[in-house]
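Chemist: Pasting structure-v1.cif here (mmCIF, C-alpha atoms):
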data_query
#
loop_
_atom_site.label_atom_id
_atom_site.label_comp_id
_atom_site.auth_asym_id
_atom_site.auth_seq_id
_atom_site.Cartn_x
_atom_site.Cartn_y
_atom_site.Cartn_z
CA MET A 1088 -41.84 20.33 -15.89
CA ALA A 1089 -40.56 18.70 -19.10
CA GLY A 1090 -36.97 17.56 -18.96
CA THR A 1091 -36.76 17.61 -15.15
CA VAL A 1092 -34.54 14.84 -13.80
CA GLN A 1093 -36.09 12.74 -11.05
CA LEU A 1094 -33.63 12.57 -8.19
CA LEU A 1095 -33.13 9.45 -6.11
CA MET A 1096 -34.32 10.07 -2.52
CA LEU A 1097 -32.61 7.91 0.09
CA GLU A 1098 -34.15 7.20 3.48
CA ASN A 1099 -32.75 6.03 6.79
CA PHE A 1100 -33.40 2.42 7.79
CA ILE A 1101 -34.35 2.26 11.47
CA ASP A 1102 -36.11 -0.52 13.38
CA GLY A 1103 -36.85 -2.44 10.18
CA LYS A 1104 -38.50 0.55 8.42
CA PHE A 1105 -37.40 3.10 5.84
CA LEU A 1106 -37.96 6.54 7.32
CA PRO A 1107 -37.77 10.01 5.72
CA CYS A 1108 -35.72 12.83 7.23
CA ASN A 1109 -36.49 16.51 7.83
CA SER A 1110 -33.54 17.70 5.76
CA TYR A 1111 -31.40 16.33 2.96
CA ILE A 1112 -27.91 16.71 1.45
CA ASP A 1113 -27.12 16.79 -2.27
CA SER A 1114 -25.09 13.83 -3.53
CA TYR A 1115 -23.21 14.27 -6.80
CA ASP A 1116 -22.48 11.80 -9.57
CA PRO A 1117 -18.65 12.01 -9.75
CA SER A 1118 -18.63 11.20 -13.46
CA THR A 1119 -20.83 14.17 -14.41
CA GLY A 1120 -20.53 16.61 -11.50
CA GLU A 1121 -24.33 16.79 -11.30
CA VAL A 1122 -26.66 16.11 -8.37
CA TYR A 1123 -28.32 12.71 -8.76
CA CYS A 1124 -29.42 11.88 -5.23
CA LYS A 1125 -30.70 13.38 -1.97
CA VAL A 1126 -29.25 11.88 1.22
CA PRO A 1127 -30.76 12.31 4.72
CA ASN A 1128 -29.00 14.96 6.81
CA SER A 1129 -29.58 13.08 10.05
CA GLY A 1130 -28.79 14.31 13.55
CA GLU A 1131 -29.30 13.42 17.20
CA GLU A 1132 -32.99 12.51 16.79
CA GLU A 1133 -32.35 9.86 14.14
CA ILE A 1134 -29.30 8.49 15.97
CA GLU A 1135 -31.29 8.18 19.19
CA ALA A 1136 -34.05 6.28 17.39
CA ALA A 1137 -31.51 3.89 15.85
CA VAL A 1138 -29.70 3.28 19.15
CA GLN A 1139 -32.95 2.52 20.98
CA ALA A 1140 -34.07 0.19 18.18
CA ALA A 1141 -30.78 -1.69 18.49
CA ARG A 1142 -31.13 -1.94 22.27
CA ARG A 1143 -34.61 -3.42 21.93
CA ALA A 1144 -33.42 -5.97 19.37
CA PHE A 1145 -30.28 -6.96 21.27
CA PRO A 1146 -31.64 -9.44 23.87
CA ASP A 1147 -33.39 -11.67 21.34
CA TRP A 1148 -30.75 -11.57 18.61
CA SER A 1149 -27.77 -12.04 20.94
CA SER A 1150 -29.39 -15.11 22.53
CA ARG A 1151 -29.83 -16.89 19.20
CA SER A 1152 -27.57 -19.85 18.47
CA PRO A 1153 -24.51 -19.53 16.22
CA GLN A 1154 -26.32 -21.73 13.71
CA GLU A 1155 -29.25 -19.30 13.48
CA ARG A 1156 -26.99 -16.29 13.06
CA SER A 1157 -24.90 -18.15 10.49
CA GLN A 1158 -28.02 -18.92 8.46
CA ALA A 1159 -28.99 -15.24 8.54
CA LEU A 1160 -25.58 -14.14 7.29
CA THR A 1161 -25.64 -16.77 4.56
CA ARG A 1162 -29.07 -15.55 3.48
CA LEU A 1163 -27.71 -11.99 3.29
CA ALA A 1164 -24.84 -13.21 1.11
CA ASP A 1165 -27.35 -14.93 -1.20
CA LEU A 1166 -29.44 -11.77 -1.50
CA LEU A 1167 -26.37 -9.66 -2.28
CA GLU A 1168 -25.32 -12.11 -4.97
CA GLN A 1169 -28.81 -12.13 -6.51
CA SER A 1170 -28.71 -8.31 -6.70
CA LEU A 1171 -25.10 -8.06 -7.85
CA GLU A 1172 -25.78 -6.06 -11.00
CA GLU A 1173 -28.11 -3.57 -9.30
CA LEU A 1174 -25.68 -3.06 -6.42
CA ALA A 1175 -22.69 -2.72 -8.75
CA GLN A 1176 -24.50 -0.03 -10.76
CA ALA A 1177 -25.33 1.87 -7.54
CA GLU A 1178 -21.78 1.59 -6.18
CA SER A 1179 -20.24 2.76 -9.44
CA LYS A 1180 -22.58 5.74 -9.74
CA ASP A 1181 -22.11 6.78 -6.12
CA GLN A 1182 -18.32 6.55 -5.98
CA GLY A 1183 -17.28 7.14 -9.61
CA LYS A 1184 -15.37 3.87 -9.88
CA THR A 1185 -15.56 1.71 -12.97
CA LEU A 1186 -18.59 -0.52 -13.23
CA ALA A 1187 -16.24 -3.40 -14.02
CA MET A 1188 -14.51 -3.01 -10.66
CA ALA A 1189 -17.79 -2.82 -8.76
CA ARG A 1190 -18.99 -5.97 -10.57
CA THR A 1191 -15.84 -8.03 -10.17
CA VAL A 1192 -14.38 -6.77 -6.87
CA ASP A 1193 -16.63 -4.75 -4.57
CA ILE A 1194 -19.89 -6.68 -4.57
CA PRO A 1195 -18.34 -10.16 -4.89
CA ARG A 1196 -16.02 -9.33 -2.01
CA SER A 1197 -19.01 -8.28 0.12
CA VAL A 1198 -20.64 -11.61 -0.65
CA GLN A 1199 -17.43 -13.43 0.23
CA ASN A 1200 -17.14 -11.58 3.56
CA PHE A 1201 -20.66 -12.50 4.64
CA ARG A 1202 -20.09 -16.14 3.67
CA PHE A 1203 -16.75 -16.25 5.46
CA PHE A 1204 -18.10 -14.92 8.75
CA ALA A 1205 -21.24 -17.06 8.44
CA SER A 1206 -18.90 -20.04 8.55
CA SER A 1207 -16.46 -18.55 11.05
CA VAL A 1208 -19.14 -18.00 13.71
CA LEU A 1209 -19.67 -21.77 13.86
CA HIS A 1210 -16.08 -22.61 14.73
CA HIS A 1211 -15.00 -20.41 17.62
CA THR A 1212 -13.92 -22.16 20.81
CA THR A 1213 -13.52 -20.93 24.39
CA GLU A 1214 -10.82 -21.58 26.98
CA CYS A 1215 -10.93 -23.86 30.01
CA THR A 1216 -8.36 -24.61 32.74
CA GLN A 1217 -8.46 -26.60 35.97
CA MET A 1218 -6.90 -26.01 39.41
CA ASP A 1219 -7.21 -29.47 40.93
CA HIS A 1220 -5.44 -28.52 44.16
CA LEU A 1221 -8.15 -25.94 44.84
CA GLY A 1222 -11.01 -27.95 43.37
CA CYS A 1223 -11.75 -25.29 40.77
CA MET A 1224 -12.38 -25.14 37.04
CA HIS A 1225 -12.14 -21.91 35.04
CA TYR A 1226 -13.67 -21.26 31.64
CA THR A 1227 -14.42 -18.31 29.42
CA VAL A 1228 -17.53 -17.25 27.55
CA ARG A 1229 -17.99 -14.50 25.01
CA THR A 1230 -21.03 -12.27 24.91
CA PRO A 1231 -21.94 -10.18 21.85
CA VAL A 1232 -21.48 -6.42 21.87
CA GLY A 1233 -22.82 -5.69 18.38
CA ILE A 1234 -25.90 -7.22 16.83
CA GLY A 1235 -27.19 -8.36 13.40
CA ILE A 1236 -31.23 -9.15 11.28
CA PRO A 1237 -34.74 -8.82 12.75
CA PRO A 1238 -36.04 -5.21 13.09
CA GLY A 1239 -33.56 -3.09 15.00
CA VAL A 1240 -30.60 -5.38 14.50
CA VAL A 1241 -29.32 -3.42 11.49
CA ASN A 1242 -29.91 0.33 11.38
CA ILE A 1243 -28.56 2.60 8.65
CA VAL A 1244 -28.45 6.34 9.34
CA PHE A 1245 -27.09 8.77 6.73
CA GLY A 1246 -25.58 12.14 7.57
CA THR A 1247 -22.47 14.23 8.01
CA GLY A 1248 -19.70 13.66 10.51
CA PRO A 1249 -20.38 16.77 12.61
CA ARG A 1250 -24.10 15.94 12.95
CA ALA A 1251 -24.82 12.23 12.68
CA GLY A 1252 -21.27 11.01 13.29
CA GLU A 1253 -20.66 12.96 16.48
CA ALA A 1254 -24.09 12.05 17.86
CA LEU A 1255 -23.32 8.37 17.28
CA VAL A 1256 -19.79 8.12 18.64
CA SER A 1257 -20.56 10.20 21.74
CA HIS A 1258 -23.78 8.31 22.57
CA PRO A 1259 -23.38 6.66 26.00
CA GLU A 1260 -25.28 3.53 24.89
CA VAL A 1261 -23.01 2.78 21.91
CA PRO A 1262 -20.32 0.52 23.43
CA LEU A 1263 -17.85 0.26 20.57
CA ILE A 1264 -16.87 2.01 17.35
CA SER A 1265 -15.41 0.48 14.20
CA PHE A 1266 -14.25 3.24 11.84
CA THR A 1267 -12.47 3.41 8.49
CA GLY A 1268 -11.32 6.83 7.35
CA SER A 1269 -8.88 9.66 7.96
CA GLN A 1270 -6.62 10.29 10.93
CA PRO A 1271 -8.16 13.71 11.83
CA THR A 1272 -11.62 12.13 12.02
CA ALA A 1273 -10.24 9.28 14.12
CA GLU A 1274 -8.71 11.81 16.52
CA ARG A 1275 -12.12 13.45 16.94
CA ILE A 1276 -13.77 10.05 17.50
CA THR A 1277 -11.19 9.22 20.16
CA VAL A 1278 -11.85 12.48 22.02
CA LEU A 1279 -15.64 12.08 21.93
CA SER A 1280 -15.61 8.41 22.92
CA ALA A 1281 -13.00 8.68 25.68
CA PRO A 1282 -15.41 9.71 28.49
CA HIS A 1283 -17.32 6.44 27.92
CA CYS A 1284 -14.21 4.17 27.58
CA LYS A 1285 -15.53 2.76 24.30
CA LYS A 1286 -13.71 -0.01 22.44
CA LEU A 1287 -12.19 1.36 19.24
CA SER A 1288 -11.14 -0.25 15.97
CA LEU A 1289 -9.64 2.42 13.70
CA GLU A 1290 -8.49 1.61 10.16
CA LEU A 1291 -6.86 4.83 8.96
CA GLY A 1292 -4.62 6.13 6.22
CA GLY A 1293 -1.41 4.94 4.64
CA LYS A 1294 1.62 6.15 2.73
CA ASN A 1295 2.45 2.75 1.40
CA PRO A 1296 5.88 1.98 -0.07
CA ALA A 1297 6.78 -0.43 -2.84
CA ILE A 1298 10.40 -1.56 -2.65
CA ILE A 1299 11.78 -2.91 -5.91
CA PHE A 1300 15.18 -4.60 -5.81
CA GLU A 1301 17.45 -5.16 -8.81
CA ASP A 1302 16.57 -8.85 -8.95
CA ALA A 1303 12.82 -8.20 -9.22
CA ASN A 1304 10.85 -9.77 -12.06
CA LEU A 1305 9.84 -6.57 -13.86
CA GLU A 1306 7.44 -8.42 -16.18
CA GLU A 1307 5.28 -9.11 -13.12
CA CYS A 1308 6.31 -6.14 -10.99
CA ILE A 1309 5.47 -3.28 -13.36
CA PRO A 1310 1.82 -4.14 -14.17
CA ALA A 1311 1.20 -5.05 -10.52
CA THR A 1312 2.72 -1.75 -9.33
CA VAL A 1313 0.67 0.26 -11.83
CA ARG A 1314 -2.40 -1.45 -10.45
CA SER A 1315 -1.36 -0.97 -6.82
CA SER A 1316 -0.79 2.73 -7.49
CA PHE A 1317 -3.89 3.60 -9.52
CA ALA A 1318 -6.62 1.01 -8.89
CA ASN A 1319 -9.93 2.66 -7.96
CA GLN A 1320 -8.36 6.05 -8.82
CA GLY A 1321 -5.83 5.52 -6.03
CA GLU A 1322 -8.70 5.79 -3.54
CA ILE A 1323 -7.81 2.63 -1.63
CA CYS A 1324 -6.03 2.93 1.70
CA LEU A 1325 -3.71 0.11 0.56
CA CYS A 1326 -2.59 1.80 -2.68
CA THR A 1327 1.10 2.36 -3.33
CA SER A 1328 2.16 6.01 -3.26
CA ARG A 1329 5.96 5.75 -2.80
CA ILE A 1330 7.99 3.55 -5.13
CA PHE A 1331 11.62 2.91 -4.17
CA VAL A 1332 13.65 1.37 -7.02
CA GLN A 1333 17.23 0.12 -6.66
CA LYS A 1334 19.59 2.26 -8.74
CA GLY A 1335 20.77 -0.51 -11.06
CA ILE A 1336 17.30 -0.80 -12.64
CA TYR A 1337 15.93 2.66 -11.84
CA ARG A 1338 16.03 4.12 -15.37
CA GLU A 1339 14.68 0.98 -17.00
CA PHE A 1340 11.89 0.67 -14.43
CA LEU A 1341 10.94 4.33 -14.75
CA LYS A 1342 10.71 4.16 -18.54
CA ARG A 1343 8.60 0.99 -18.53
CA PHE A 1344 6.46 2.13 -15.61
CA VAL A 1345 5.56 5.44 -17.29
CA GLU A 1346 4.75 3.62 -20.54
CA ALA A 1347 2.46 1.23 -18.67
CA THR A 1348 0.82 4.07 -16.74
CA ARG A 1349 -0.03 5.90 -19.95
CA LYS A 1350 -1.94 2.80 -21.06
CA TRP A 1351 -4.04 2.90 -17.86
CA LYS A 1352 -7.18 4.33 -19.42
CA VAL A 1353 -9.30 6.95 -17.64
CA GLY A 1354 -12.92 6.78 -18.74
CA ILE A 1355 -16.53 7.00 -17.70
CA PRO A 1356 -17.51 4.25 -15.23
CA SER A 1357 -19.68 2.38 -17.75
CA ASP A 1358 -16.83 2.09 -20.29
CA PRO A 1359 -15.71 -1.57 -20.13
CA SER A 1360 -12.24 -0.62 -21.42
CA ALA A 1361 -11.65 1.95 -18.65
CA SER A 1362 -9.06 1.13 -15.99
CA MET A 1363 -10.00 4.11 -13.83
CA GLY A 1364 -13.09 6.23 -13.26
CA ALA A 1365 -13.73 9.53 -11.48
CA LEU A 1366 -12.57 10.68 -8.05
CA ILE A 1367 -15.16 10.82 -5.28
CA SER A 1368 -15.82 14.60 -5.17
CA LYS A 1369 -14.83 17.95 -6.61
CA THR A 1370 -13.27 18.96 -3.30
CA HIS A 1371 -11.15 15.84 -3.22
CA LEU A 1372 -10.10 16.27 -6.86
CA GLU A 1373 -8.85 19.78 -6.06
CA LYS A 1374 -6.98 18.47 -3.02
CA VAL A 1375 -5.20 15.83 -5.10
CA ARG A 1376 -4.34 18.37 -7.80
CA SER A 1377 -2.89 20.70 -5.16
CA TYR A 1378 -0.20 18.10 -4.42
CA ILE A 1379 0.90 18.21 -8.07
CA ARG A 1380 1.29 21.99 -7.80
CA LYS A 1381 3.30 21.61 -4.58
CA ALA A 1382 5.57 19.02 -6.18
CA LEU A 1383 6.28 21.31 -9.14
CA ALA A 1384 7.01 24.21 -6.78
CA GLU A 1385 9.59 22.00 -5.05
CA GLY A 1386 11.35 21.27 -8.36
CA ALA A 1387 9.98 17.77 -8.95
CA GLN A 1388 9.25 16.38 -12.41
CA ILE A 1389 5.84 15.15 -13.58
CA LEU A 1390 6.59 12.38 -16.07
CA CYS A 1391 3.01 11.64 -17.10
CA GLY A 1392 -0.55 12.49 -16.14
CA GLU A 1393 -1.83 15.75 -14.67
CA GLY A 1394 -0.61 18.78 -16.63
CA VAL A 1395 1.45 16.64 -19.02
CA ASP A 1396 -0.96 14.47 -20.98
CA LYS A 1397 -4.38 15.30 -22.38
CA LEU A 1398 -7.49 13.85 -20.77
CA SER A 1399 -10.25 13.08 -23.26
CA LEU A 1400 -13.80 12.59 -22.00
CA PRO A 1401 -17.12 12.08 -23.82
CA ALA A 1402 -19.81 14.75 -23.92
CA GLY A 1403 -21.79 15.06 -20.72
CA HIS A 1404 -18.81 14.18 -18.55
CA GLN A 1405 -16.58 17.22 -18.97
CA ALA A 1406 -17.51 18.44 -15.49
CA GLY A 1407 -16.79 15.06 -13.91
CA TYR A 1408 -14.04 14.63 -11.33
CA PHE A 1409 -11.54 12.86 -13.56
CA MET A 1410 -7.75 12.94 -13.38
CA LEU A 1411 -5.03 11.09 -15.25
CA PRO A 1412 -2.72 8.73 -13.32
CA THR A 1413 0.32 10.81 -12.45
CA VAL A 1414 3.96 9.84 -11.85
CA ILE A 1415 6.30 12.17 -9.96
CA THR A 1416 10.09 11.86 -9.73
CA ASP A 1417 13.12 13.93 -8.65
CA ILE A 1418 11.42 14.53 -5.33
CA SER A 1419 12.76 14.65 -1.78
CA ASP A 1420 11.70 12.21 0.94
CA GLU A 1421 10.77 15.31 2.97
CA SER A 1422 8.25 16.53 0.40
CA CYS A 1423 4.60 16.51 1.42
CA CYS A 1424 4.01 14.26 -1.60
CA MET A 1425 6.26 11.66 0.05
CA LYS A 1426 4.98 12.21 3.60
CA GLU A 1427 1.22 12.83 3.41
CA GLU A 1428 -1.60 10.59 2.23
CA ILE A 1429 -2.85 11.97 -1.10
CA PHE A 1430 -5.49 9.27 -1.68
CA GLY A 1431 -5.60 9.72 -5.41
CA PRO A 1432 -3.95 8.56 -8.66
CA VAL A 1433 -0.53 9.97 -7.78
CA THR A 1434 2.66 8.04 -7.05
CA CYS A 1435 6.30 9.07 -6.54
CA VAL A 1436 9.25 7.06 -7.90
CA VAL A 1437 12.70 7.49 -6.33
CA PRO A 1438 16.00 5.53 -6.42
CA PHE A 1439 17.84 3.81 -3.56
CA ASP A 1440 21.20 2.09 -3.05
CA SER A 1441 21.13 -0.43 -0.21
CA GLU A 1442 18.72 -2.62 1.70
CA GLU A 1443 19.39 -0.83 5.00
CA GLU A 1444 18.85 2.57 3.38
CA VAL A 1445 15.51 1.72 1.80
CA ILE A 1446 14.14 0.19 5.00
CA ARG A 1447 15.00 3.39 6.88
CA ARG A 1448 13.41 5.57 4.20
CA ALA A 1449 10.32 3.39 3.84
CA ASN A 1450 9.77 3.59 7.61
CA GLY A 1451 10.34 7.34 7.68
CA VAL A 1452 6.67 8.39 7.67
CA LYS A 1453 4.02 8.49 10.37
CA TYR A 1454 1.93 5.79 8.66
CA GLY A 1455 2.41 2.02 8.69
CA LEU A 1456 -0.47 0.32 6.90
CA ALA A 1457 0.92 -1.71 3.99
CA ALA A 1458 4.03 -2.30 1.89
CA THR A 1459 5.11 -4.36 -1.10
CA VAL A 1460 8.54 -5.89 -1.67
CA TRP A 1461 9.74 -7.16 -5.05
CA SER A 1462 12.76 -9.49 -5.14
CA SER A 1463 13.70 -13.04 -6.15
CA ASN A 1464 15.90 -13.40 -3.04
CA VAL A 1465 13.81 -15.24 -0.44
CA GLY A 1466 16.18 -14.40 2.41
CA ARG A 1467 16.02 -10.69 1.57
CA ILE A 1468 12.22 -10.80 1.35
CA HIS A 1469 11.95 -12.19 4.89
CA ARG A 1470 14.55 -9.73 6.29
CA VAL A 1471 12.93 -6.67 4.76
CA ALA A 1472 9.35 -7.73 5.56
CA LYS A 1473 10.32 -8.22 9.21
CA LYS A 1474 11.91 -4.77 9.50
CA LEU A 1475 9.21 -2.77 7.72
CA GLN A 1476 6.85 -0.92 10.05
CA SER A 1477 3.72 -2.04 8.25
CA GLY A 1478 0.73 -4.07 9.35
CA LEU A 1479 0.69 -5.87 5.99
CA VAL A 1480 3.58 -6.73 3.71
CA TRP A 1481 2.98 -8.23 0.27
CA THR A 1482 5.95 -9.76 -1.52
CA ASN A 1483 5.92 -10.15 -5.32
CA CYS A 1484 2.16 -9.47 -5.30
CA TRP A 1485 -0.44 -6.97 -4.09
CA LEU A 1486 -3.87 -7.05 -2.45
CA ILE A 1487 -4.13 -10.79 -1.88
CA ARG A 1488 -6.24 -11.10 1.27
CA GLU A 1489 -6.77 -13.98 3.70
CA LEU A 1490 -9.71 -13.22 5.98
CA ASN A 1491 -8.48 -15.64 8.64
CA LEU A 1492 -5.44 -13.44 9.28
CA PRO A 1493 -5.20 -9.99 10.90
CA PHE A 1494 -5.70 -6.84 8.83
CA GLY A 1495 -4.70 -3.41 10.12
CA GLY A 1496 -1.89 -0.90 10.45
CA MET A 1497 0.87 0.32 12.74
CA LYS A 1498 1.67 3.84 13.96
CA ASN A 1499 -0.82 6.46 12.69
CA SER A 1500 -2.48 3.94 10.39
CA GLY A 1501 -4.82 2.78 13.10
CA ILE A 1502 -5.68 0.82 16.21
CA GLY A 1503 -6.68 -2.83 16.30
CA ARG A 1504 -7.03 -5.51 13.65
CA GLU A 1505 -9.78 -7.13 11.59
CA GLY A 1506 -10.01 -10.80 10.64
CA ALA A 1507 -11.64 -13.99 11.87
CA LYS A 1508 -10.21 -14.10 15.39
CA ASP A 1509 -9.58 -10.37 15.73
CA SER A 1510 -13.10 -9.38 14.67
CA HIS A 1511 -14.58 -12.01 16.97
CA ASP A 1512 -12.54 -10.64 19.87
CA PHE A 1513 -13.46 -7.03 19.12
CA PHE A 1514 -17.20 -7.52 18.71
CA THR A 1515 -17.58 -9.61 21.86
CA GLU A 1516 -16.78 -9.18 25.55
CA ILE A 1517 -14.87 -11.99 27.22
CA LYS A 1518 -15.86 -13.18 30.65
CA THR A 1519 -14.01 -15.61 32.93
CA ILE A 1520 -16.16 -17.90 35.12
CA THR A 1521 -14.75 -19.90 38.03
CA VAL A 1522 -16.63 -22.93 39.42
CA LYS A 1523 -15.53 -24.52 42.70
CA HIS A 1524 -16.58 -28.16 42.91
#
Show this structure as structure tokens.
Modeler:
Amino acid sequence: MAGTVQLLMLENFIDGKFLPCNSYIDSYDPSTGEVYCKVPNSGEEEIEAAVQAARRAFPDWSSRSPQERSQALTRLADLLEQSLEELAQAESKDQGKTLAMARTVDIPRSVQNFRFFASSVLHHTTECTQMDHLGCMHYTVRTPVGIGIPPGVVNIVFGTGPRAGEALVSHPEVPLISFTGSQPTAERITVLSAPHCKKLSLELGGKNPAIIFEDANLEECIPATVRSSFANQGEICLCTSRIFVQKGIYREFLKRFVEATRKWKVGIPSDPSASMGALISKTHLEKVRSYIRKALAEGAQILCGEGVDKLSLPAGHQAGYFMLPTVITDISDESCCMKEEIFGPVTCVVPFDSEEEVIRRANGVKYGLAATVWSSNVGRIHRVAKKLQSGLVWTNCWLIRELNLPFGGMKNSGIGREGAKDSHDFFTEIKTITVKH
């Protein structure tokens, strides 16, 4: 029929082959609100096929030398880099983020990760001790749990959590689970995996504070805090959603922060001047907006963004899932907007008096993923960073990552860490061998 749009049809990738599925789910372009893709609605059958393919591939792949596996990971990094533009376009269209961010952050970071671990795998050492009085030597070896490139090493199965997800995490032949997502989903994973004593790495939500002292350099702090609050539409687990500002600079900070936020342009993903694109789904957009309504009902003020400023979008994108970056103030620490993860372009700004007070308030939520501290006092920076209940603390910066070091959260923000040593430990089993001579 004339004018019919050809939808993209995704397929599962199992045992080195792309395979169709019996049923499919609609996937929407967040910038238009229209279906652009059909995604497999996989279930137990597809999960079983993927698990068995992985089991068949495991003996050969796990016995390959670190050099061989390093070469494979390096080759993957090269292929990603060669396809950067195509992958950036796909990532932007799928998630609604700006094409500029996909080009300069998402895909390059994926390349960097593969290259980092391709090198890291070559440099791990094991432990060895001797007991001369008993004539024994002890040493450790590590055996892989996960696997990685000939057919069956990598399997990609699409589907929903209740169907594909539950079939995967409850499968008795899946020995470990690495999950990034929400706390309720992690709770369900924990319940389903418990009977099999699976290893878990759970990277969950955050309600991340920024603490801004009177001696902060506002020329650097304000643009960085706008970015940490609204980058990727606020849909980054590390985004700032509670900003504590010392009273002496509170009014000045608030004025300059709102002015800078209003310059944070919302636009269609392909617009090179856009700072922010569309949120991931209509359901999520409505959830984020509901927090604005709750804040207003509690007597809070919306200084800019949702319901205050006008959002202008080009034709064809009026039904997209767009929302202006929003700043809330005059709000209690007990408000749901200060306690719950919103995961959108919404941040709350509140004043504080003393160092002890702000540490207590910053720690007063169930999450503990990340925090930022802004001050020119080095002693204060170290004191505050040590007392904050956060797995990561950035001082006078945001989102600078070192893959050699641990990444992960405290409290309800997750279990376990990622990073060179931590990932190596998680994805292998350690074995102690004793030799009497």
Chemist: Name the residues that the PyMOL selection byres ((chain A and resi 1451) around 12) pulls out of this structure, and write them as a PyMOL selection string.
Modeler: chain A and resi 1294-1296+1329+1420-1422+1425-1427+1444-1450+1452-1455+1475-1477+1498
Chemist: Within 7 Å of stretch 1207-1224 of chain A, counting all atoms listed in the file, which residues qualify if same-chain residues fewer than 4 places away don't, as a list in words?
Modeler: Pro1153, Gln1154, Ser1157, Phe1203, Val1228, Ala1507, Thr1521, Val1522, Lys1523 and His1524 of chain A
Chemist: Write the residues of the selection above to a file with C-alpha atoms, as a PDB file, in the coordinates of the input.
Modeler:
ATOM      1  CA  PRO A1153     -24.510 -19.530  16.220  1.00  0.00           C
ATOM      2  CA  GLN A1154     -26.320 -21.730  13.710  1.00  0.00           C
ATOM      3  CA  SER A1157     -24.900 -18.150  10.490  1.00  0.00           C
ATOM      4  CA  PHE A1203     -16.750 -16.250   5.460  1.00  0.00           C
ATOM      5  CA  VAL A1228     -17.530 -17.250  27.550  1.00  0.00           C
ATOM      6  CA  ALA A1507     -11.640 -13.990  11.870  1.00  0.00           C
ATOM      7  CA  THR A1521     -14.750 -19.900  38.030  1.00  0.00           C
ATOM      8  CA  VAL A1522     -16.630 -22.930  39.420  1.00  0.00           C
ATOM      9  CA  LYS A1523     -15.530 -24.520  42.700  1.00  0.00           C
ATOM     10  CA  HIS A1524     -16.580 -28.160  42.910  1.00  0.00           C
TER      11      HIS A1524
END
Chemist: Would you compute, for all listed atoms of stretch 1407-1412 of chain A, the axis-aligned bounding box grown by 8 Å on each side, and then report its centre and edge lengths in Å rounded to one decimal, as JSON?
Modeler:
{"center_x": -9.8, "center_y": 11.9, "center_z": -13.3, "size_x": 30.1, "size_y": 22.3, "size_z": 19.9}
Chemist: State, in Å with one decimal place, the distance from atom CA of A:Tyr1115 to atom CA of A:Tyr1408.
Modeler: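 Atom CA of A:Tyr1115 sits 10.2 Å away from atom CA of A:Tyr1408.
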Chemist: Kindly provide the residues of stretch 1311-1341 of chain A that approach stretch 1360-1366 of chain A to within 12 Å, each paired with its closest atom pair and their distance in Å to one decimal, based on all atoms listed in the file, listed by chain and increasing number, as JSON lines.
Modeler:
{"residue": "A:Val1313", "atom": "CA", "partner": "A:Ser1362", "partner_atom": "CA", "distance": 10.6}
{"residue": "A:Arg1314", "atom": "CA", "partner": "A:Ser1362", "partner_atom": "CA", "distance": 9.0}
{"residue": "A:Ser1316", "atom": "CA", "partner": "A:Met1363", "partner_atom": "CA", "distance": 11.3}
{"residue": "A:Phe1317", "atom": "CA", "partner": "A:Met1363", "partner_atom": "CA", "distance": 7.5}
{"residue": "A:Ala1318", "atom": "CA", "partner": "A:Met1363", "partner_atom": "CA", "distance": 6.7}
{"residue": "A:Asn1319", "atom": "CA", "partner": "A:Met1363", "partner_atom": "CA", "distance": 6.0}
{"residue": "A:Gln1320", "atom": "CA", "partner": "A:Met1363", "partner_atom": "CA", "distance": 5.6}
{"residue": "A:Gly1321", "atom": "CA", "partner": "A:Leu1366", "partner_atom": "CA", "distance": 8.7}
{"residue": "A:Glu1322", "atom": "CA", "partner": "A:Leu1366", "partner_atom": "CA", "distance": 7.7}
{"residue": "A:Ile1323", "atom": "CA", "partner": "A:Leu1366", "partner_atom": "CA", "distance": 11.3}
Chemist: What is the atom CA of A:Tyr1378-atom CA of A:Ser1179 distance in Å, reported with one decimal?
Modeler: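 These two atoms are separated by 25.7 Å.
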Chemist: Find the residue from A:Val1241, A:Val1414, A:Ile1468, A:Leu1490 that sits nearest to A:Arg1349; use all atoms listed in the file when measuring.
Modeler: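 Of the candidates, the smallest distance to A:Arg1349 is held by A:Val1414.
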Chemist: Written as an MDAnalysis selection string, what is the full residue list that the PyMOL selection byres ((chain A and resi 1479) around 10) yields on the file shown?
Modeler: chainID A and resid 1295 1325 1455:1459 1472 1475:1478 1480:1482 1486 1488 1493:1497
Chemist: Residues of the last selection are to be written out with C-alpha atoms, as a tab-separated table (two decimals), in the frame of the given file.
Modeler:
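Saved file selection-v2.tsv follows:
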chain	number	residue	atom	x	y	z
A	1295	ASN	CA	2.45	2.75	1.40
A	1325	LEU	CA	-3.71	0.11	0.56
A	1455	GLY	CA	2.41	2.02	8.69
A	1456	LEU	CA	-0.47	0.32	6.90
A	1457	ALA	CA	0.92	-1.71	3.99
A	1458	ALA	CA	4.03	-2.30	1.89
A	1459	THR	CA	5.11	-4.36	-1.10
A	1472	ALA	CA	9.35	-7.73	5.56
A	1475	LEU	CA	9.21	-2.77	7.72
A	1476	GLN	CA	6.85	-0.92	10.05
A	1477	SER	CA	3.72	-2.04	8.25
A	1478	GLY	CA	0.73	-4.07	9.35
A	1480	VAL	CA	3.58	-6.73	3.71
A	1481	TRP	CA	2.98	-8.23	0.27
A	1482	THR	CA	5.95	-9.76	-1.52
A	1486	LEU	CA	-3.87	-7.05	-2.45
A	1488	ARG	CA	-6.24	-11.10	1.27
A	1493	PRO	CA	-5.20	-9.99	10.90
A	1494	PHE	CA	-5.70	-6.84	8.83
A	1495	GLY	CA	-4.70	-3.41	10.12
A	1496	GLY	CA	-1.89	-0.90	10.45
A	1497	MET	CA	0.87	0.32	12.74
